[in-house]
$ cat input-v2.txt   # compact mmCIF, C-alpha atoms and all ligand atoms
# COMPACT_ATOMS: atom_id res chain seq x y z
CA MET A 23 90.72 -20.77 50.33
CA LYS A 24 87.03 -20.54 49.53
CA LYS A 25 87.49 -23.19 46.92
CA LEU A 26 89.08 -25.50 49.47
CA PHE A 27 86.11 -25.12 51.82
CA LEU A 28 83.79 -25.72 48.92
CA LEU A 29 85.70 -28.88 48.06
CA LEU A 30 85.61 -30.04 51.68
CA GLY A 31 81.93 -29.28 51.82
CA LEU A 32 81.40 -31.52 48.84
CA LEU A 33 83.71 -34.28 49.97
CA LEU A 34 82.63 -34.52 53.61
CA PRO A 35 79.12 -35.88 52.96
CA LEU A 36 80.61 -38.38 50.53
CA LEU A 37 83.15 -39.44 53.14
CA ILE A 38 80.47 -39.90 55.79
CA MET A 39 78.27 -41.83 53.36
CA SER A 40 81.08 -44.25 52.61
CA PHE A 41 81.26 -45.18 56.32
CA LYS A 42 77.74 -46.54 56.37
CA PRO A 43 77.31 -48.83 59.36
CA LEU A 44 77.23 -52.56 58.64
CA LYS A 45 73.95 -54.38 59.12
CA ASP A 46 73.76 -54.14 62.92
CA LYS A 47 72.32 -57.58 63.61
CA LYS A 48 72.81 -61.04 62.22
CA VAL A 49 69.41 -62.71 61.88
CA ILE A 50 69.20 -66.48 62.30
CA VAL A 51 66.09 -68.61 61.98
CA ILE A 52 65.87 -71.86 63.94
CA ASP A 53 63.10 -73.93 62.44
CA ALA A 54 61.80 -76.70 64.70
CA GLY A 55 61.09 -78.95 61.71
CA HIS A 56 57.68 -80.20 62.85
CA GLY A 57 54.72 -78.81 64.70
CA GLY A 58 50.99 -78.99 65.19
CA LYS A 59 49.61 -82.30 63.98
CA ASP A 60 52.92 -83.13 62.27
CA PHE A 61 54.83 -85.16 64.85
CA GLY A 62 57.66 -86.30 62.59
CA TYR A 63 59.18 -89.66 63.51
CA ILE A 64 57.78 -91.47 66.53
CA ILE A 65 59.39 -94.31 68.46
CA GLY A 66 57.54 -95.39 71.62
CA ASN A 67 56.97 -92.18 73.52
CA ALA A 68 59.76 -90.27 71.76
CA TYR A 69 58.44 -87.73 69.27
CA GLU A 70 60.67 -85.93 66.79
CA LYS A 71 58.47 -82.82 67.05
CA GLU A 72 58.94 -82.66 70.82
CA ILE A 73 62.70 -83.31 70.75
CA VAL A 74 63.59 -80.72 68.09
CA GLY A 75 61.07 -78.30 69.66
CA ASN A 76 62.79 -78.66 73.05
CA ILE A 77 66.23 -78.18 71.53
CA SER A 78 65.19 -75.06 69.64
CA LYS A 79 63.67 -73.60 72.81
CA LYS A 80 66.90 -74.37 74.69
CA ILE A 81 68.93 -72.59 71.99
CA LYS A 82 66.70 -69.53 72.41
CA ALA A 83 66.92 -69.68 76.22
CA LEU A 84 70.73 -69.90 76.19
CA HIS A 85 71.11 -67.17 73.60
CA GLN A 86 72.73 -64.01 74.94
CA LYS A 87 74.60 -62.23 72.17
CA GLU A 88 72.86 -58.98 71.36
CA ASN A 89 74.26 -58.72 67.85
CA ILE A 90 72.41 -61.87 66.82
CA GLU A 91 68.66 -62.02 66.51
CA LEU A 92 67.37 -65.56 66.89
CA ILE A 93 63.93 -66.32 65.57
CA LEU A 94 62.21 -69.63 66.27
CA LEU A 95 59.79 -71.08 63.74
CA GLY A 96 57.57 -74.11 63.98
CA ASN A 97 57.17 -74.13 67.75
CA SER A 98 53.74 -72.63 67.84
CA ASP A 99 50.86 -74.66 66.52
CA THR A 100 49.83 -71.80 64.24
CA LEU A 101 52.75 -71.71 61.82
CA THR A 102 53.20 -75.33 60.90
CA SER A 103 52.90 -75.73 57.15
CA VAL A 104 56.17 -75.64 55.23
CA GLU A 105 54.70 -73.02 52.87
CA ALA A 106 53.87 -70.73 55.80
CA ARG A 107 57.37 -71.13 57.21
CA VAL A 108 58.99 -70.43 53.84
CA ALA A 109 56.88 -67.27 53.49
CA LYS A 110 57.98 -66.15 56.95
CA ILE A 111 61.64 -66.87 56.15
CA ASN A 112 61.51 -64.91 52.91
CA GLN A 113 59.92 -62.02 54.74
CA LEU A 114 62.62 -62.05 57.45
CA GLN A 115 65.53 -62.57 54.97
CA PRO A 116 67.79 -64.12 57.63
CA ASP A 117 71.52 -64.75 57.27
CA LEU A 118 70.99 -68.45 57.94
CA VAL A 119 68.14 -70.92 58.42
CA VAL A 120 68.78 -74.05 60.46
CA SER A 121 65.92 -76.51 60.29
CA LEU A 122 66.17 -79.14 63.04
CA HIS A 123 65.19 -82.75 62.38
CA LEU A 124 66.02 -86.31 63.39
CA SER A 125 66.87 -89.26 61.16
CA PHE A 126 65.23 -92.68 61.03
CA SER A 127 66.48 -95.94 59.54
CA ASP A 128 65.29 -99.55 59.38
CA ASN A 129 68.86 -100.46 60.26
CA LYS A 130 69.03 -99.80 63.99
CA ALA A 131 72.82 -99.58 63.83
CA ASP A 132 72.67 -96.39 61.75
CA SER A 133 73.57 -93.42 63.91
CA GLY A 134 75.07 -89.97 63.85
CA VAL A 135 74.51 -86.39 62.74
CA GLN A 136 73.83 -85.62 59.08
CA ALA A 137 72.56 -82.67 57.09
CA PHE A 138 70.73 -81.80 53.90
CA VAL A 139 71.16 -78.85 51.57
CA SER A 140 69.40 -78.01 48.32
CA GLU A 141 71.25 -77.32 45.10
CA GLN A 142 68.28 -75.18 44.09
CA ASN A 143 68.82 -72.81 47.01
CA PRO A 144 70.34 -69.55 45.69
CA HIS A 145 73.01 -69.77 48.42
CA TYR A 146 73.88 -73.44 47.86
CA THR A 147 77.66 -73.13 48.35
CA GLN A 148 77.26 -71.16 51.55
CA SER A 149 74.63 -73.63 52.81
CA LEU A 150 77.00 -76.52 52.08
CA ALA A 151 79.77 -74.91 54.13
CA HIS A 152 77.44 -74.24 57.07
CA ALA A 153 76.12 -77.83 56.91
CA GLY A 154 79.58 -79.39 57.14
CA LYS A 155 80.60 -77.18 60.04
CA LEU A 156 77.32 -77.72 61.90
CA ILE A 157 77.77 -81.50 61.69
CA GLN A 158 81.33 -81.18 63.03
CA THR A 159 80.08 -78.96 65.85
CA VAL A 160 77.27 -81.23 67.03
CA ALA A 161 78.86 -84.66 66.49
CA LYS A 162 80.61 -86.41 69.38
CA LYS A 163 81.82 -89.88 70.31
CA ASP A 164 78.41 -91.58 70.43
CA LEU A 165 76.89 -89.28 67.83
CA LYS A 166 79.30 -89.75 64.99
CA THR A 167 79.96 -87.39 62.10
CA GLY A 168 77.65 -88.06 59.19
CA GLN A 169 77.52 -86.64 55.70
CA VAL A 170 76.05 -83.60 54.01
CA LYS A 171 73.51 -84.84 51.48
CA LYS A 172 71.63 -83.09 48.71
CA ALA A 173 67.86 -82.96 48.74
CA ASN A 174 65.50 -80.43 47.29
CA LEU A 175 63.39 -80.14 50.39
CA LEU A 176 60.73 -77.48 49.92
CA LEU A 177 61.91 -75.35 52.84
CA LEU A 178 65.52 -75.37 51.62
CA LYS A 179 64.90 -74.78 47.93
CA GLU A 180 62.22 -72.12 48.34
CA SER A 181 64.06 -70.12 51.00
CA GLN A 182 66.00 -67.20 49.57
CA SER A 183 68.53 -67.44 52.45
CA PRO A 184 71.29 -69.98 53.14
CA GLY A 185 69.60 -73.02 54.66
CA VAL A 186 70.53 -76.31 56.27
CA SER A 187 68.35 -79.17 57.41
CA LEU A 188 70.32 -80.56 60.33
CA GLU A 189 69.45 -84.08 61.46
CA LEU A 190 70.67 -84.37 65.02
CA GLY A 191 70.72 -88.15 65.36
CA PHE A 192 68.77 -91.34 64.63
CA LEU A 193 65.59 -91.86 66.60
CA SER A 194 65.76 -95.50 65.44
CA ASN A 195 69.11 -96.01 67.20
CA GLU A 196 68.86 -96.79 70.91
CA ALA A 197 71.95 -94.82 72.01
CA ASN A 198 71.09 -91.81 69.84
CA LYS A 199 67.50 -91.88 71.09
CA ASN A 200 68.54 -91.97 74.75
CA TYR A 201 70.85 -89.00 74.22
CA LEU A 202 68.32 -87.00 72.18
CA THR A 203 65.48 -87.51 74.65
CA SER A 204 67.57 -86.63 77.73
CA ASP A 205 67.43 -83.10 79.08
CA ASN A 206 71.23 -83.07 79.35
CA GLY A 207 71.75 -84.29 75.78
CA GLN A 208 69.35 -81.65 74.46
CA LYS A 209 71.18 -78.96 76.44
CA ILE A 210 74.57 -80.02 75.08
CA ILE A 211 73.28 -80.01 71.48
CA ALA A 212 71.64 -76.59 71.99
CA LYS A 213 74.87 -75.16 73.44
CA LYS A 214 76.95 -76.54 70.57
CA ILE A 215 74.64 -75.15 67.89
CA LEU A 216 74.62 -71.78 69.64
CA THR A 217 78.43 -71.77 69.84
CA TYR A 218 78.54 -72.20 66.06
CA LEU A 219 75.92 -69.49 65.44
CA ASN A 220 77.84 -67.06 67.66
CA LYS A 221 81.01 -67.40 65.59
ZN ZN A 301 61.85 -84.19 60.55
$ encode --input "input-v2.txt" --output "structure tokens" --more "lines below"
Ligand SMILES: [Zn+2]
Amino acid sequence: MKKLFLLLGLLLPLLIMSFKPLKDKKVIVIDAGHGGKDFGYIIGNAYEKEIVGNISKKIKALHQKENIELILLGNSDTLTSVEARVAKINQLQPDLVVSLHLSFSDNKADSGVQAFVSEQNPHYTQSLAHAGKLIQTVAKKDLKTGQVKKANLLLLKESQSPGVSLELGFLSNEANKNYLTSDNGQKIIAKKILTYLNK
């Protein structure tokens, strides 16, 4: 009998240890691609920096799930360099980084949502999967589904977490621009991105 208790005494801590809780929160970084003196693409009075900044703030404002920690980067004028943002990302070690941008083309007919991933990112395959699904989530009738492209953007290749640069539409396309600059369009995009992140 004593031996049995001894055995239980040895096994119990092992048993408890094997039920270690999972990481309690998923950490997601939303990077508002541009900030400070970096305005990104500009067409008339539409600034990429302002549009992606507004959308990232809307994502944060709509965010409710307690098991997901959303961290915004690039909105303040103090953390604007890509190097500084990469350092912050690697310190946070998030589950996913979504960097928000807009596209621009000399061909005004070009439109839609596209994304970039880096083959040099240690989580390339995972990033690729997220990119495809994020495009599907955000695209709609007037904002057609674009492609996932490869580019070794500094933020994507230097981040040690899965990362996607998501381009939410073409600022050079009139219909895309009108949607992206409208409060309603920005809200819809923010809600859609959040829906994906909550999955
Ligand atoms: Zn950009």
$ residues_near_ligand --input "input-v2.txt" --ligand "ligand ZN 301 (chain A)" --cutoff "7 Å" --atoms "only C-alpha atoms and all ligand atoms" --output "JSON, numbers by chain"
{"A": [55, 56, 62, 63, 70, 123, 124]}
$ atom_distance --input "input-v2.txt" --atom1 "atom CA of A:Pro184" --atom2 "atom CA of A:Ile73"
23.7 Å
$ residues_around --input "input-v2.txt" --residues "A:Asn112" --least-positions-apart "5" --cutoff "12 Å" --atoms "all atoms listed in the file" --output "PyMOL selection string"
chain A and resi 51+105-107+117-119+177-185
$ residues_around --input "input-v2.txt" --residues "stretch 207-212 of chain A" --least-positions-apart "4" --cutoff "6 Å" --atoms "all atoms listed in the file" --output "ChimeraX atom specification"
/A:77,80-81,201-202
$ closest_residue --input "input-v2.txt" --among "A:Val120, A:Gly154, A:Leu176, A:Lys163" --to "A:Gly134" --atoms "all atoms listed in the file"
A:Lys163
$ atom_distance --input "input-v2.txt" --atom1 "atom CA of A:Asp60" --atom2 "atom CA of A:Ser103"
9.0 Å
$ atom_distance --input "input-v2.txt" --atom1 "atom CA of A:Thr147" --atom2 "atom CA of A:Val49"
19.0 Å
$ residues_around --input "input-v2.txt" --residues "A:Thr159" --least-positions-apart "3" --cutoff "8 Å" --atoms "all atoms listed in the file" --output "list in words"
Lys155, Leu156, Lys214, Ile215 and Tyr218 of chain A
$ closest_residue --input "input-v2.txt" --among "A:Ala109, A:Ala131, A:Ala68, A:Ile52" --to "A:Leu94" --atoms "only C-alpha atoms"
A:Ile52
$ residues_around --input "input-v2.txt" --residues "A:Leu175" --least-positions-apart "5" --cutoff "9 Å" --atoms "all atoms listed in the file" --output "list in words"
Phe138, Val139, Ser140, Glu180 and Ser187 of chain A
$ closest_residue --input "input-v2.txt" --among "A:Ile64, A:Leu95, A:Leu84, A:Ile90" --to "A:Ser121" --atoms "all atoms listed in the file"
A:Leu95
$ closest_residue --input "input-v2.txt" --among "A:Asn220, A:Gln142, A:Ser125, A:Asn206" --to "A:Ser194" --atoms "all atoms listed in the file"
A:Ser125
$ closest_residue --input "input-v2.txt" --among "A:Leu219, A:Leu150, A:Ile65, A:Val160" --to "A:Ala173" --atoms "all atoms listed in the file"
A:Leu150
$ closest_residue --input "input-v2.txt" --among "A:His152, A:Gln136, A:Thr203, A:Gln115" --to "A:Gly75" --atoms "all atoms listed in the file"
A:Thr203
$ decode --input "input-v2.txt" --residues "stretch 143-166 of chain A" --atoms "N, CA and C atoms" --output "CSV table (one decimal), in the first residue's frame"
chain,number,residue,atom,x,y,z
A,143,ASN,N,11.1,34.7,-44.8
A,143,ASN,CA,10.5,34.6,-43.5
A,143,ASN,C,10.6,33.2,-43.0
A,144,PRO,N,11.0,32.9,-41.7
A,144,PRO,CA,11.0,31.6,-41.2
A,144,PRO,C,9.7,30.8,-41.2
A,145,HIS,N,8.6,31.6,-41.3
A,145,HIS,CA,7.3,31.0,-41.3
A,145,HIS,C,6.6,31.2,-42.7
A,146,TYR,N,7.4,31.0,-43.7
A,146,TYR,CA,6.9,31.4,-45.1
A,146,TYR,C,5.6,30.7,-45.4
A,147,THR,N,5.5,29.3,-45.2
A,147,THR,CA,4.3,28.6,-45.6
A,147,THR,C,3.1,29.0,-44.9
A,148,GLN,N,3.2,29.3,-43.6
A,148,GLN,CA,2.1,29.8,-42.8
A,148,GLN,C,1.7,31.2,-43.3
A,149,SER,N,2.7,32.0,-43.6
A,149,SER,CA,2.4,33.4,-44.0
A,149,SER,C,1.6,33.3,-45.3
A,150,LEU,N,2.0,32.4,-46.2
A,150,LEU,CA,1.4,32.2,-47.5
A,150,LEU,C,-0.1,31.9,-47.3
A,151,ALA,N,-0.4,31.0,-46.4
A,151,ALA,CA,-1.7,30.5,-46.2
A,151,ALA,C,-2.6,31.7,-45.6
A,152,HIS,N,-2.0,32.4,-44.7
A,152,HIS,CA,-2.7,33.6,-44.1
A,152,HIS,C,-3.0,34.6,-45.2
A,153,ALA,N,-2.0,34.8,-46.1
A,153,ALA,CA,-2.2,35.9,-47.1
A,153,ALA,C,-3.3,35.5,-48.0
A,154,GLY,N,-3.4,34.3,-48.5
A,154,GLY,CA,-4.5,33.9,-49.4
A,154,GLY,C,-5.9,34.0,-48.7
A,155,LYS,N,-5.9,33.7,-47.5
A,155,LYS,CA,-7.2,33.7,-46.8
A,155,LYS,C,-7.6,35.2,-46.5
A,156,LEU,N,-6.6,36.0,-46.2
A,156,LEU,CA,-6.9,37.4,-45.9
A,156,LEU,C,-7.4,38.1,-47.2
A,157,ILE,N,-6.9,37.8,-48.3
A,157,ILE,CA,-7.3,38.4,-49.6
A,157,ILE,C,-8.8,38.0,-49.8
A,158,GLN,N,-9.1,36.7,-49.6
A,158,GLN,CA,-10.4,36.2,-49.8
A,158,GLN,C,-11.4,36.9,-48.9
A,159,THR,N,-11.0,37.2,-47.6
A,159,THR,CA,-11.8,37.8,-46.6
A,159,THR,C,-12.1,39.2,-47.0
A,160,VAL,N,-11.2,40.0,-47.5
A,160,VAL,CA,-11.4,41.4,-47.7
A,160,VAL,C,-12.0,41.7,-49.0
A,161,ALA,N,-11.7,40.9,-50.1
A,161,ALA,CA,-12.2,41.2,-51.4
A,161,ALA,C,-13.7,41.1,-51.5
A,162,LYS,N,-14.2,41.9,-52.4
A,162,LYS,CA,-15.7,41.9,-52.6
A,162,LYS,C,-15.9,42.3,-54.1
A,163,LYS,N,-17.1,42.5,-54.5
A,163,LYS,CA,-17.4,42.7,-55.9
A,163,LYS,C,-16.5,43.8,-56.5
A,164,ASP,N,-16.5,45.0,-56.0
A,164,ASP,CA,-15.7,46.1,-56.6
A,164,ASP,C,-14.2,46.0,-56.2
A,165,LEU,N,-13.9,45.2,-55.3
A,165,LEU,CA,-12.5,45.1,-54.8
A,165,LEU,C,-12.1,43.6,-55.0
A,166,LYS,N,-11.8,43.3,-56.3
A,166,LYS,CA,-11.7,41.9,-56.6
A,166,LYS,C,-10.4,41.2,-56.0
